Amino acid sequence: MAIIVGLNNENIEIMYENVYKGHDKYCTNTKITHIYYVISGEGKFKIKDEIYKVKKGNIVEIPPSTKFVFAGQMELLLIMNPQFTREGEIVGEENDLM
(Lines give C-alpha, C1' and ligand atoms only; values in the text may rest on other atoms or scores of the structure.)
Protein backbone atom coordinates (compact mmCIF):
# COMPACT_ATOMS: atom_id res chain seq x y z
CA MET A 1 0.00 0.00 0.00
CA ALA A 2 1.35 3.42 -0.88
CA ILE A 3 -0.10 6.78 0.10
CA ILE A 4 1.13 9.71 -1.96
CA VAL A 5 1.26 13.11 -0.31
CA GLY A 6 1.21 16.20 -2.53
CA LEU A 7 3.41 19.12 -1.54
CA ASN A 8 3.75 22.67 -2.77
CA ASN A 9 7.49 22.06 -3.24
CA GLU A 10 7.67 20.46 -6.69
CA ASN A 11 11.17 19.12 -5.98
CA ILE A 12 10.10 16.73 -3.20
CA GLU A 13 7.66 13.84 -2.99
CA ILE A 14 6.84 11.92 0.19
CA MET A 15 5.29 8.45 0.23
CA TYR A 16 4.31 6.00 2.94
CA GLU A 17 5.01 2.36 2.06
CA ASN A 18 3.80 -0.66 4.02
CA VAL A 19 6.22 -3.34 2.82
CA TYR A 20 5.28 -7.00 3.14
CA LYS A 21 8.17 -8.47 1.18
CA GLY A 22 10.06 -5.81 -0.83
CA HIS A 23 10.73 -4.79 -4.41
CA ASP A 24 10.29 -7.51 -7.01
CA LYS A 25 13.25 -6.23 -9.04
CA TYR A 26 16.32 -4.05 -8.62
CA CYS A 27 15.80 -0.34 -9.25
CA THR A 28 18.03 2.45 -10.44
CA ASN A 29 16.93 6.01 -11.16
CA THR A 30 19.41 8.33 -12.80
CA LYS A 31 17.64 11.48 -11.60
CA ILE A 32 16.22 10.86 -8.10
CA THR A 33 17.67 10.69 -4.60
CA HIS A 34 15.66 8.24 -2.45
CA ILE A 35 15.66 8.67 1.34
CA TYR A 36 13.94 5.91 3.32
CA TYR A 37 13.06 6.23 7.01
CA VAL A 38 12.14 2.94 8.71
CA ILE A 39 9.02 3.69 10.80
CA SER A 40 8.67 0.12 12.07
CA GLY A 41 9.77 -3.42 11.33
CA GLU A 42 13.05 -4.62 9.91
CA GLY A 43 14.57 -5.73 6.65
CA LYS A 44 17.53 -5.44 4.33
CA PHE A 45 18.63 -3.04 1.63
CA LYS A 46 21.12 -4.11 -1.01
CA ILE A 47 22.86 -1.05 -2.42
CA LYS A 48 25.70 -1.43 -4.93
CA ASP A 49 26.21 -5.10 -3.90
CA GLU A 50 26.47 -4.20 -0.17
CA ILE A 51 23.77 -5.53 2.18
CA TYR A 52 22.57 -3.35 5.06
CA LYS A 53 20.25 -4.59 7.79
CA VAL A 54 17.74 -1.94 8.81
CA LYS A 55 15.28 -1.55 11.67
CA LYS A 56 12.97 1.04 13.20
CA GLY A 57 14.61 4.47 13.30
CA ASN A 58 17.19 3.85 10.55
CA ILE A 59 17.57 6.18 7.56
CA VAL A 60 18.83 4.99 4.17
CA GLU A 61 19.90 7.49 1.48
CA ILE A 62 20.26 6.26 -2.09
CA PRO A 63 21.80 8.78 -4.51
CA PRO A 64 20.86 8.97 -8.20
CA SER A 65 22.30 6.29 -10.51
CA THR A 66 22.63 3.80 -7.64
CA LYS A 67 21.26 0.26 -8.08
CA PHE A 68 19.26 -0.96 -5.07
CA VAL A 69 16.62 -3.35 -3.82
CA PHE A 70 15.07 -4.07 -0.42
CA ALA A 71 13.18 -6.83 1.36
CA GLY A 72 11.53 -7.33 4.73
CA GLN A 73 8.41 -6.41 6.64
CA MET A 74 8.63 -2.67 7.26
CA GLU A 75 6.72 0.57 7.29
CA LEU A 76 8.77 3.08 5.34
CA LEU A 77 8.59 6.81 4.78
CA LEU A 78 10.12 7.56 1.37
CA ILE A 79 11.28 11.04 0.43
CA MET A 80 12.25 11.56 -3.22
CA ASN A 81 14.06 14.56 -4.65
CA PRO A 82 13.02 15.45 -7.30
CA GLN A 83 9.53 13.96 -7.48
CA PHE A 84 9.19 10.50 -9.00
CA THR A 85 8.89 10.08 -12.76
CA ARG A 86 9.59 7.04 -14.93
CA GLU A 87 12.18 9.11 -16.82
CA GLY A 88 15.59 7.84 -15.79
CA GLU A 89 14.16 4.68 -14.21
CA ILE A 90 15.98 1.41 -14.90
CA VAL A 91 14.39 -1.85 -13.74
CA GLY A 92 16.90 -4.65 -13.28
CA GLU A 93 17.07 -8.30 -12.34
CA GLU A 94 14.93 -10.15 -9.80
CA ASN A 95 15.31 -9.36 -6.10
CA ASP A 96 17.75 -11.87 -4.59
CA LEU A 97 17.09 -10.81 -0.97
CA MET A 98 13.68 -12.52 -0.77
# chains A, B, ... in the order shown; residues from 1 in each chain; ligands from 1
$ residues_around --residues "Phe70 of chain A" --least-positions-apart "6" --cutoff "6 Å" --atoms "only C-alpha atoms" --output "list in words"
Gly22, His23, Lys44 and Phe45 of chain A
$ closest_residue --among "A:Glu10, A:Glu42, A:Glu89, A:Glu17" --to "Pro64 of chain A" --atoms "only C-alpha atoms"
A:Glu89
$ select_by_dssp --residues "chain A" --states "strand (DSSP E or B)" --output "count of residues only"
62
$ closest_residue --among "A:Leu77, A:Ile12, A:Glu93, A:Lys53" --to "Ile32 of chain A" --atoms "only C-alpha atoms"
A:Ile12
$ closest_residue --among "A:Arg86, A:His34, A:Lys55, A:Lys67" --to "Glu13 of chain A" --atoms "only C-alpha atoms"
A:His34
$ closest_residue --among "A:Glu94, A:Glu87, A:Glu75, A:Glu50" --to "Val19 of chain A" --atoms "only C-alpha atoms"
A:Glu75
$ closest_residue --among "A:Asn58, A:Asn18, A:Thr28, A:Thr85" --to "Ala71 of chain A" --atoms "only C-alpha atoms"
A:Asn18
